[in-house]
$ cat structure17.cif   # mmCIF, C-alpha atoms
data_target
#
loop_
_atom_site.label_atom_id
_atom_site.label_comp_id
_atom_site.auth_asym_id
_atom_site.auth_seq_id
_atom_site.Cartn_x
_atom_site.Cartn_y
_atom_site.Cartn_z
CA MET I 41 3.43 -55.69 7.65
CA LEU I 42 1.43 -54.66 10.70
CA SER I 43 3.16 -52.92 13.56
CA HIS I 44 3.35 -54.95 16.77
CA ARG I 45 0.74 -52.67 18.40
CA ARG I 46 -1.61 -52.95 15.44
CA LEU I 47 -1.15 -56.71 15.31
CA SER I 48 -1.90 -56.95 19.04
CA ASP I 49 -5.06 -54.86 18.62
CA VAL I 50 -6.41 -57.07 15.81
CA ILE I 51 -5.57 -60.26 17.70
CA GLY I 52 -7.39 -58.87 20.71
CA MET I 53 -10.47 -58.24 18.57
CA ILE I 54 -10.31 -61.83 17.29
CA TYR I 55 -10.31 -63.28 20.81
CA ASP I 56 -13.11 -60.93 21.87
CA CYS I 57 -15.24 -62.67 19.22
CA ALA I 58 -14.96 -65.91 21.23
CA ILE I 59 -16.89 -64.15 23.99
CA GLU I 60 -19.22 -62.07 21.80
CA PRO I 61 -19.55 -63.68 18.33
CA ASP I 62 -21.59 -60.73 17.04
CA ARG I 63 -18.30 -58.78 16.97
CA TRP I 64 -17.12 -60.80 13.97
CA PRO I 65 -18.20 -58.29 11.25
CA ALA I 66 -16.13 -55.48 12.77
CA THR I 67 -13.24 -57.89 13.33
CA LEU I 68 -13.41 -59.17 9.75
CA ALA I 69 -13.22 -55.55 8.63
CA GLU I 70 -9.95 -55.06 10.50
CA ILE I 71 -8.50 -58.35 9.24
CA CYS I 72 -9.36 -57.38 5.66
CA ARG I 73 -8.00 -53.85 5.98
CA SER I 74 -4.72 -55.24 7.28
CA ILE I 75 -4.13 -56.82 3.84
CA GLY I 76 -5.83 -54.18 1.71
CA CYS I 77 -9.07 -56.09 1.11
CA MET I 78 -12.53 -54.55 0.90
CA SER I 79 -14.75 -57.46 1.96
CA GLY I 80 -14.54 -60.68 3.91
CA PHE I 81 -16.54 -63.47 5.48
CA LEU I 82 -16.49 -66.66 7.50
CA LEU I 83 -18.09 -69.37 5.40
CA LEU I 84 -19.40 -72.76 6.53
CA VAL I 85 -19.35 -75.42 3.80
CA ASP I 86 -20.95 -78.84 4.10
CA LEU I 87 -18.93 -80.76 1.50
CA GLU I 88 -21.23 -83.77 1.66
CA HIS I 89 -24.50 -81.93 0.99
CA SER I 90 -23.08 -78.95 -0.97
CA SER I 91 -24.56 -76.57 1.61
CA HIS I 92 -23.01 -73.13 2.13
CA LYS I 93 -23.70 -70.59 4.88
CA PHE I 94 -22.23 -67.17 5.57
CA ALA I 95 -21.67 -67.27 9.33
CA HIS I 96 -20.38 -63.68 9.48
CA SER I 97 -19.49 -61.16 6.80
CA TRP I 98 -18.30 -57.62 6.18
CA GLY I 99 -18.55 -55.52 3.03
CA LEU I 100 -20.69 -57.99 1.07
CA SER I 101 -23.57 -56.68 -1.02
CA PRO I 102 -26.77 -58.72 -1.48
CA ASP I 103 -25.67 -59.19 -5.11
CA TRP I 104 -22.36 -60.66 -3.94
CA GLN I 105 -24.09 -63.36 -1.90
CA GLN I 106 -26.66 -64.06 -4.63
CA ARG I 107 -23.94 -64.54 -7.23
CA TYR I 108 -21.98 -66.76 -4.85
CA PHE I 109 -24.92 -69.10 -4.19
CA ALA I 110 -25.59 -69.39 -7.92
CA TYR I 111 -22.31 -71.29 -8.13
CA ALA I 112 -22.62 -73.22 -4.85
CA ASP I 113 -22.35 -76.71 -6.38
CA GLN I 114 -19.30 -75.82 -8.47
CA LEU I 115 -17.68 -74.10 -5.49
CA THR I 116 -18.16 -77.19 -3.32
CA GLY I 117 -16.06 -79.13 -5.79
CA PHE I 118 -13.55 -76.30 -5.91
CA TYR I 119 -13.18 -76.26 -2.11
CA SER I 120 -12.87 -80.05 -2.02
CA LEU I 121 -9.87 -79.74 -4.34
CA ALA I 122 -8.30 -76.53 -3.04
CA PHE I 123 -8.54 -77.48 0.61
CA SER I 124 -7.95 -81.23 0.37
CA ARG I 125 -4.59 -80.70 2.16
CA GLN I 126 -2.89 -81.99 -0.95
CA TYR I 127 -2.44 -78.37 -1.97
CA LYS I 128 -2.72 -76.35 1.26
CA LEU I 129 -2.66 -77.34 4.92
CA ASP I 130 -5.36 -76.00 7.23
CA GLY I 131 -4.46 -72.50 8.35
CA GLU I 132 -2.25 -71.81 5.33
CA PRO I 133 -3.58 -68.95 3.14
CA LEU I 134 -4.41 -69.74 -0.47
CA ILE I 135 -4.34 -66.95 -3.09
CA MET I 136 -6.84 -67.66 -5.85
CA SER I 137 -4.95 -65.86 -8.62
CA ARG I 138 -2.08 -68.34 -8.05
CA PHE I 139 -4.24 -71.45 -7.76
CA ILE I 140 -7.05 -71.01 -10.28
CA ASP I 141 -5.15 -72.43 -13.27
CA GLN I 142 -4.99 -75.79 -11.49
CA THR I 143 -8.78 -76.10 -11.30
CA GLY I 144 -9.47 -76.61 -15.01
CA ALA I 145 -11.61 -74.72 -17.50
CA ASN I 146 -14.81 -74.80 -15.42
CA GLY I 147 -13.06 -73.45 -12.32
CA ARG I 148 -11.50 -70.64 -14.34
CA ARG I 149 -14.87 -69.79 -15.90
CA VAL I 150 -16.61 -69.49 -12.52
CA TYR I 151 -13.74 -67.48 -11.04
CA GLU I 152 -13.58 -65.08 -13.98
CA ASP I 153 -17.36 -64.55 -13.90
CA LEU I 154 -17.32 -63.77 -10.19
CA LYS I 155 -14.35 -61.45 -10.64
CA ARG I 156 -16.05 -59.58 -13.48
CA THR I 157 -19.52 -59.23 -11.98
CA LEU I 158 -18.36 -58.45 -8.43
CA SER I 159 -15.38 -56.23 -9.36
CA ILE I 160 -12.92 -58.50 -7.53
CA THR I 161 -9.24 -58.66 -8.42
CA ASP I 162 -8.09 -61.42 -6.07
CA VAL I 163 -9.22 -63.57 -3.13
CA MET I 164 -7.40 -65.11 -0.16
CA GLN I 165 -8.99 -68.08 1.62
CA THR I 166 -7.93 -70.18 4.59
CA VAL I 167 -9.47 -73.19 6.35
CA VAL I 168 -9.97 -72.28 10.01
CA LEU I 169 -12.03 -75.26 11.17
CA ARG I 170 -12.48 -78.76 9.76
CA GLU I 171 -14.28 -81.99 10.35
CA ALA I 172 -14.47 -85.01 8.10
CA ARG I 173 -17.08 -83.56 5.75
CA ARG I 174 -17.37 -79.89 6.69
CA ILE I 175 -15.04 -76.92 6.75
CA ALA I 176 -15.09 -73.28 7.82
CA ILE I 177 -13.23 -70.87 5.57
CA LEU I 178 -11.95 -67.35 6.25
CA THR I 179 -12.13 -65.29 3.04
CA ALA I 180 -10.84 -61.81 2.17
CA SER I 181 -11.45 -60.22 -1.26
CA ARG I 182 -9.51 -57.43 -2.92
CA HIS I 183 -11.41 -55.22 -5.35
CA ASP I 184 -10.35 -53.95 -8.78
CA ASP I 185 -8.37 -50.95 -7.65
CA GLY I 186 -6.19 -52.93 -5.22
CA GLY I 187 -4.17 -55.22 -7.49
CA ILE I 188 -3.41 -58.87 -6.82
CA LEU I 189 -2.45 -60.16 -3.38
CA MET I 190 1.26 -60.40 -2.64
CA ASP I 191 3.59 -62.45 -0.43
CA ARG I 192 3.57 -59.69 2.20
CA ASP I 193 -0.22 -60.05 2.46
CA VAL I 194 0.13 -63.80 2.95
CA ALA I 195 2.73 -63.15 5.66
CA THR I 196 0.33 -60.82 7.49
CA MET I 197 -2.52 -63.31 7.28
CA ARG I 198 -0.27 -66.07 8.61
CA LEU I 199 0.17 -64.00 11.78
CA LEU I 200 -3.60 -63.66 12.26
CA VAL I 201 -4.99 -67.04 11.15
CA PRO I 202 -3.80 -69.12 14.15
CA HIS I 203 -5.74 -66.80 16.45
CA VAL I 204 -8.82 -66.98 14.21
CA ARG I 205 -8.62 -70.77 14.30
CA ARG I 206 -8.40 -70.82 18.08
CA ALA I 207 -11.30 -68.36 18.47
CA VAL I 208 -13.48 -70.26 15.98
CA LYS I 209 -12.70 -73.55 17.70
CA ILE I 210 -13.72 -72.16 21.10
CA ILE I 211 -16.88 -70.62 19.66
CA ASP I 212 -17.71 -74.01 18.16
CA MET I 213 -17.29 -75.70 21.56
CA LEU I 214 -19.58 -73.09 23.10
CA ASP I 215 -22.10 -73.53 20.28
CA ALA I 216 -21.86 -69.78 19.54
CA LYS I 217 -23.36 -68.80 22.88
CA LYS I 218 -22.56 -65.32 24.13
CA ILE I 219 -20.95 -65.29 27.57
CA GLU I 220 -22.40 -62.67 29.90
CA ALA I 221 -20.20 -61.37 32.70
CA ASP I 222 -23.01 -61.12 35.22
CA THR I 223 -24.02 -64.76 34.74
CA LEU I 224 -20.58 -66.24 34.08
CA ALA I 225 -20.83 -69.23 36.40
CA ALA I 226 -24.32 -70.22 35.28
CA THR I 227 -23.39 -69.79 31.61
CA LEU I 228 -20.25 -71.90 31.85
CA ASP I 229 -22.16 -74.70 33.55
CA THR I 230 -24.34 -75.06 30.46
CA PHE I 231 -21.36 -76.00 28.29
CA VAL I 232 -20.57 -79.60 27.41
CA ALA I 233 -16.87 -78.72 27.25
CA ALA I 234 -15.05 -78.47 30.55
CA VAL I 235 -13.93 -74.88 31.23
CA VAL I 236 -11.45 -73.74 33.87
CA VAL I 237 -10.82 -70.01 34.36
CA VAL I 238 -7.31 -69.42 35.70
CA GLY I 239 -5.42 -66.45 37.05
CA GLU I 240 -1.72 -65.74 37.38
CA GLU I 241 0.50 -68.86 37.34
CA GLY I 242 -2.50 -71.04 36.50
CA ARG I 243 -4.34 -70.57 39.81
CA ILE I 244 -7.91 -71.82 39.43
CA LEU I 245 -10.49 -69.04 39.79
CA HIS I 246 -13.55 -70.92 38.52
CA ALA I 247 -14.39 -74.33 37.06
CA ASN I 248 -17.68 -75.25 35.45
CA ASP I 249 -19.57 -78.41 36.32
CA ALA I 250 -17.86 -80.54 33.64
CA ALA I 251 -14.43 -79.33 34.78
CA ARG I 252 -15.22 -79.91 38.46
CA LYS I 253 -15.95 -83.55 37.66
CA MET I 254 -12.58 -83.86 35.94
CA LEU I 255 -10.81 -82.20 38.86
CA ALA I 256 -12.53 -84.53 41.32
CA ALA I 257 -11.45 -87.56 39.28
CA ARG I 258 -7.97 -86.02 38.80
CA THR I 259 -8.07 -86.85 35.11
CA PRO I 260 -7.28 -85.44 32.63
CA ILE I 261 -6.71 -82.34 34.82
CA ALA I 262 -6.08 -81.83 38.52
CA ALA I 263 -5.71 -79.05 41.07
CA VAL I 264 -2.34 -78.99 42.85
CA ASP I 265 -2.38 -76.42 45.66
CA GLY I 266 -5.08 -74.59 43.77
CA VAL I 267 -3.15 -74.53 40.47
CA LEU I 268 -4.37 -76.22 37.29
CA ALA I 269 -2.12 -79.17 36.47
CA VAL I 270 -1.78 -82.18 34.20
CA ARG I 271 -0.25 -85.51 35.27
CA ASN I 272 2.06 -85.80 32.26
CA ALA I 273 5.08 -83.54 32.83
CA ALA I 274 5.56 -82.54 29.18
CA ALA I 275 1.85 -81.75 28.73
CA ASN I 276 1.83 -79.81 32.01
CA ALA I 277 4.79 -77.71 30.87
CA GLU I 278 3.16 -77.02 27.49
CA LEU I 279 -0.14 -76.00 29.09
CA SER I 280 1.62 -73.78 31.64
CA ALA I 281 3.56 -72.07 28.85
CA ALA I 282 0.35 -71.41 26.90
CA ILE I 283 -1.28 -69.87 30.01
CA CYS I 284 1.82 -67.73 30.57
CA LEU I 285 1.67 -66.45 26.99
CA ALA I 286 -2.03 -65.71 27.42
CA ARG I 287 -1.08 -63.31 30.19
CA ASN I 288 2.16 -61.80 28.88
CA ASP I 289 1.82 -61.75 25.07
CA GLU I 290 -1.33 -63.24 23.59
CA SER I 291 -0.05 -62.49 20.08
CA GLN I 292 2.49 -65.31 20.55
CA ILE I 293 -0.01 -67.95 21.66
CA GLY I 294 -0.96 -68.56 18.04
CA THR I 295 2.54 -69.69 17.08
CA GLY I 296 2.11 -73.07 18.77
CA ALA I 297 -0.33 -75.90 18.10
CA LEU I 298 -4.05 -75.22 18.05
CA GLY I 299 -4.58 -77.44 21.11
CA VAL I 300 -2.44 -78.93 23.87
CA PRO I 301 -2.76 -82.76 24.03
CA LEU I 302 -3.00 -83.70 27.72
CA ARG I 303 -1.73 -87.28 27.30
CA SER I 304 -4.12 -88.77 29.83
CA ASP I 305 -5.63 -92.25 29.88
CA GLU I 306 -8.37 -90.95 27.56
CA PRO I 307 -7.30 -88.69 24.64
CA SER I 308 -7.93 -85.10 25.77
CA VAL I 309 -6.98 -81.69 24.43
CA ALA I 310 -6.88 -78.23 26.06
CA HIS I 311 -7.56 -74.97 24.22
CA VAL I 312 -6.47 -71.71 25.84
CA LEU I 313 -8.44 -68.48 25.41
CA PRO I 314 -6.53 -65.37 26.65
CA LEU I 315 -8.56 -63.20 29.04
CA ALA I 316 -6.00 -60.73 30.40
CA ARG I 317 -6.60 -58.04 27.76
CA GLY I 318 -9.45 -56.38 25.94
CA ASP I 319 -12.55 -54.63 27.22
CA VAL I 320 -14.80 -57.60 26.42
CA ARG I 321 -12.71 -60.37 27.94
CA THR I 322 -11.57 -58.53 31.07
CA ARG I 323 -15.21 -57.83 31.95
CA LEU I 324 -15.79 -61.54 32.56
CA MET I 325 -13.40 -61.81 35.48
CA PRO I 326 -10.89 -58.96 35.87
CA GLN I 327 -8.20 -61.06 37.58
CA ALA I 328 -8.38 -63.88 35.03
CA THR I 329 -5.45 -64.77 32.77
CA ALA I 330 -7.12 -67.40 30.57
CA ALA I 331 -10.02 -69.76 30.12
CA VAL I 332 -8.89 -73.34 29.46
CA PHE I 333 -11.34 -75.51 27.51
CA ILE I 334 -10.84 -79.28 27.76
CA THR I 335 -12.37 -81.73 25.30
CA ARG I 336 -12.00 -85.48 25.17
CA ALA I 337 -13.03 -88.38 22.97
CA LYS I 338 -16.34 -89.08 24.69
CA SER I 339 -17.47 -85.45 24.66
CA GLU I 340 -19.46 -83.76 21.92
CA SER I 341 -16.57 -81.44 21.14
CA CYS I 342 -13.27 -82.46 19.62
CA THR I 343 -9.90 -81.34 18.31
CA ASP I 344 -8.00 -81.18 15.04
CA VAL I 345 -6.14 -84.13 13.47
CA ARG I 346 -2.69 -82.86 14.42
CA ALA I 347 -3.53 -82.57 18.12
CA LEU I 348 -5.23 -85.97 17.93
CA ALA I 349 -2.05 -87.40 16.39
CA ARG I 350 0.03 -85.98 19.20
CA SER I 351 -2.35 -87.47 21.75
CA PHE I 352 -1.68 -90.94 20.32
CA ASN I 353 2.01 -90.27 19.60
CA LEU I 354 1.56 -90.84 15.87
CA THR I 355 4.58 -90.24 13.66
CA ALA I 356 4.50 -87.61 10.90
CA ALA I 357 3.99 -90.33 8.28
CA GLU I 358 1.14 -91.90 10.27
CA THR I 359 -0.46 -88.49 10.73
CA ARG I 360 -0.38 -87.81 7.00
CA LEU I 361 -2.08 -91.13 6.31
CA LEU I 362 -4.71 -90.47 8.98
CA GLU I 363 -5.47 -87.08 7.39
CA GLN I 364 -6.08 -88.75 4.05
CA LEU I 365 -8.34 -91.44 5.52
CA ALA I 366 -10.26 -88.81 7.51
CA HIS I 367 -11.21 -87.21 4.21
CA ASN I 368 -12.71 -90.43 2.86
CA ALA I 369 -9.71 -91.55 0.80
CA THR I 370 -9.28 -95.29 0.36
CA LEU I 371 -6.03 -96.79 1.55
CA ALA I 372 -4.92 -97.17 -2.09
CA ASP I 373 -5.83 -93.55 -2.91
CA ALA I 374 -4.05 -92.32 0.22
CA ALA I 375 -0.93 -94.26 -0.74
CA GLY I 376 -1.00 -92.70 -4.21
CA THR I 377 -1.48 -89.19 -2.87
CA LEU I 378 1.34 -89.60 -0.37
CA ASP I 379 3.59 -91.25 -2.98
CA ILE I 380 4.16 -94.38 -0.88
CA SER I 381 3.53 -98.04 -1.62
CA GLN I 382 0.31 -99.70 -0.49
CA GLU I 383 2.40 -102.00 1.68
CA THR I 384 3.90 -98.99 3.46
CA ALA I 385 0.43 -97.51 3.86
CA ARG I 386 -0.82 -100.78 5.40
CA THR I 387 2.14 -100.72 7.80
CA HIS I 388 1.35 -97.15 8.86
CA LEU I 389 -2.31 -98.09 9.33
CA ALA I 390 -1.36 -101.08 11.48
CA HIS I 391 0.72 -98.77 13.68
CA ILE I 392 -2.21 -96.32 13.96
CA PHE I 393 -4.51 -99.20 14.96
CA SER I 394 -2.01 -100.33 17.59
CA LYS I 395 -1.58 -96.85 19.08
CA THR I 396 -5.29 -96.01 19.14
CA GLY I 397 -6.43 -99.44 20.30
CA ILE I 398 -8.69 -99.80 17.26
CA SER I 399 -8.75 -102.73 14.84
CA ARG I 400 -11.07 -101.55 12.05
CA GLN I 401 -10.81 -98.57 9.68
CA ALA I 402 -14.49 -97.71 10.18
CA ASP I 403 -13.96 -97.47 13.94
CA LEU I 404 -10.89 -95.30 13.35
CA LEU I 405 -12.93 -92.83 11.29
CA THR I 406 -15.60 -92.79 13.99
CA LEU I 407 -12.92 -91.78 16.48
CA VAL I 408 -11.66 -89.08 14.11
CA ASP I 409 -15.19 -87.69 13.73
CA ARG I 410 -15.34 -87.41 17.51
CA LEU I 411 -11.96 -85.70 17.75
CA VAL I 412 -12.07 -83.38 14.72
CA PRO I 413 -13.65 -79.95 15.35
CA PRO I 414 -17.34 -80.09 14.39
CA ILE I 415 -19.24 -77.33 12.63
CA ARG I 416 -22.51 -77.53 14.45
CA ARG I 417 -26.13 -77.38 13.39
CA SER I 418 -25.78 -73.95 11.82
CA ALA I 419 -23.64 -75.45 9.06
CA ARG I 420 -26.38 -77.73 7.85
#
$ encode --input "structure17.cif" --output "structure tokens"
Amino acid sequence: MLSHRRLSDVIGMIYDCAIEPDRWPATLAEICRSIGCMSGFLLLVDLEHSSHKFAHSWGLSPDWQQRYFAYADQLTGFYSLAFSRQYKLDGEPLIMSRFIDQTGANGRRVYEDLKRTLSITDVMQTVVLREARRIAILTASRHDDGGILMDRDVATMRLLVPHVRRAVKIIDMLDAKKIEADTLAATLDTFVAAVVVVGEEGRILHANDAARKMLAARTPIAAVDGVLAVRNAAANAELSAAICLARNDESQIGTGALGVPLRSDEPSVAHVLPLARGDVRTRLMPQATAAVFITRAKSESCTDVRALARSFNLTAAETRLLEQLAHNATLADAAGTLDISQETARTHLAHIFSKTGISRQADLLTLVDRLVPPIRRSAR
């Protein structure tokens, strides 16, 4: 396992990537080294059109990528199965040597060919961003001399993945734009997402144009004596705690949910990017503790299904059904996957309709598409 100092250093590098995305290759190198892997990448997969794109990579040879794309169609099917949430939840590492036997003869053939030709012993993959038809996957590969991946490697990756997910989500909201310290205010004003930069105890240091409009309307956020606040007491406490962690121990901010549901009249979610540490982030505004990104249903940016479920106070059973429907399962298929009767599934769906104010399944999926993190144009 990583020492606390080493873990803190790698987490800091991950959050620096939210400000300067071109730092991802060096950061992927450190993530991979922490679990004894010799190459890694962030992959964007369009499951609908079988389109694959390496967003960032480290240690990959041209032959590696060429061999990968030769199997793109088969790998799309593989990812649809492996990351359907029936086997692994988003953010949970999947070790290929343990999973491959469940994919059938064709999956084993592709995996064995890639292992043989690319000198790979094992692979760990994790979904770090998802929308209804597209996913982003963090991958780390161990080469022949390293042996298979072990439980201790999974444990290490579990400590890092929540921070990768948060950084990737924020980058997605910013459309991969690099934030320059000398033009901070002008840059933030170009973002669709509302951004509030806060200092100690949540004191507002800067708000972009979208955030200023929210503050003026006092929904879903407000300024109380210059401090960022939310009307709902529970949401306000959760947001304040996340900002406090951003200042005091950013390594712990990943242990909570990806986003903080603000429980306003319109479903809204806040994402907290720590700014108190690191050469890159502290350059933006030295006295800043965090940047808080707020998305809501009518914006172009969204949040994951779990935060959406919390926004509408869905139960665990209702959330599981919503996840199935969001991935194009029919109600009957979802009931079978969840091992519940169709009548129970219809009851859960009726409750979801009631809580979201929606009366048709098609409209529900439209809402989910708005609120699930998009992978933008670069994924196409």
$ residues_around --input "structure17.cif" --residues "segment 310-313 of chain I" --least-positions-apart "2" --cutoff "6 Å" --atoms "all atoms listed in the file" --output "PyMOL selection string"
chain I and resi 299-300+330-334
$ atom_distance --input "structure17.cif" --atom1 "atom CA of Ala247 of chain I" --atom2 "atom CA of Ala234 of chain I"
7.7 Å
$ resolve_selection --input "structure17.cif" --expression "the PyMOL selection byres ((chain I and resi 358-367) around 7)" --output "PDB file with C-alpha atoms, in the coordinates of the input"
ATOM      1  CA  ALA I 172     -14.470 -85.010   8.100  1.00  0.00           C
ATOM      2  CA  VAL I 345      -6.140 -84.130  13.470  1.00  0.00           C
ATOM      3  CA  ALA I 349      -2.050 -87.400  16.390  1.00  0.00           C
ATOM      4  CA  LEU I 354       1.560 -90.840  15.870  1.00  0.00           C
ATOM      5  CA  THR I 355       4.580 -90.240  13.660  1.00  0.00           C
ATOM      6  CA  ALA I 356       4.500 -87.610  10.900  1.00  0.00           C
ATOM      7  CA  ALA I 357       3.990 -90.330   8.280  1.00  0.00           C
ATOM      8  CA  ASN I 368     -12.710 -90.430   2.860  1.00  0.00           C
ATOM      9  CA  ALA I 369      -9.710 -91.550   0.800  1.00  0.00           C
ATOM     10  CA  THR I 370      -9.280 -95.290   0.360  1.00  0.00           C
ATOM     11  CA  ALA I 374      -4.050 -92.320   0.220  1.00  0.00           C
ATOM     12  CA  HIS I 388       1.350 -97.150   8.860  1.00  0.00           C
ATOM     13  CA  ILE I 392      -2.210 -96.320  13.960  1.00  0.00           C
ATOM     14  CA  LEU I 405     -12.930 -92.830  11.290  1.00  0.00           C
ATOM     15  CA  VAL I 408     -11.660 -89.080  14.110  1.00  0.00           C
TER      16      VAL I 408
END
$ closest_residue --input "structure17.cif" --among "I:Pro133, I:Gly147, I:Pro65, I:Pro326" --to "Leu178 of chain I" --atoms "only C-alpha atoms"
I:Pro133
$ resolve_selection --input "structure17.cif" --expression "the PyMOL selection byres ((chain I and resi 151-157) around 10)" --output "MDAnalysis selection string"
chainID I and resid 103:104 107:108 111 115 136:137 140 143 145:150 158:163 181:184
$ atom_distance --input "structure17.cif" --atom1 "atom CA of Ile398 of chain I" --atom2 "atom CA of Leu255 of chain I"
27.9 Å
$ closest_residue --input "structure17.cif" --among "I:Val194, I:Phe118, I:Leu83, I:Thr67" --to "Gln105 of chain I" --atoms "only C-alpha atoms"
I:Leu83
$ residues_around --input "structure17.cif" --residues "Arg317 of chain I" --least-positions-apart "2" --cutoff "9 Å" --atoms "only C-alpha atoms" --output "VMD selection string"
chain I and resid 52 286 to 287 290 314 to 315 319 to 322 329
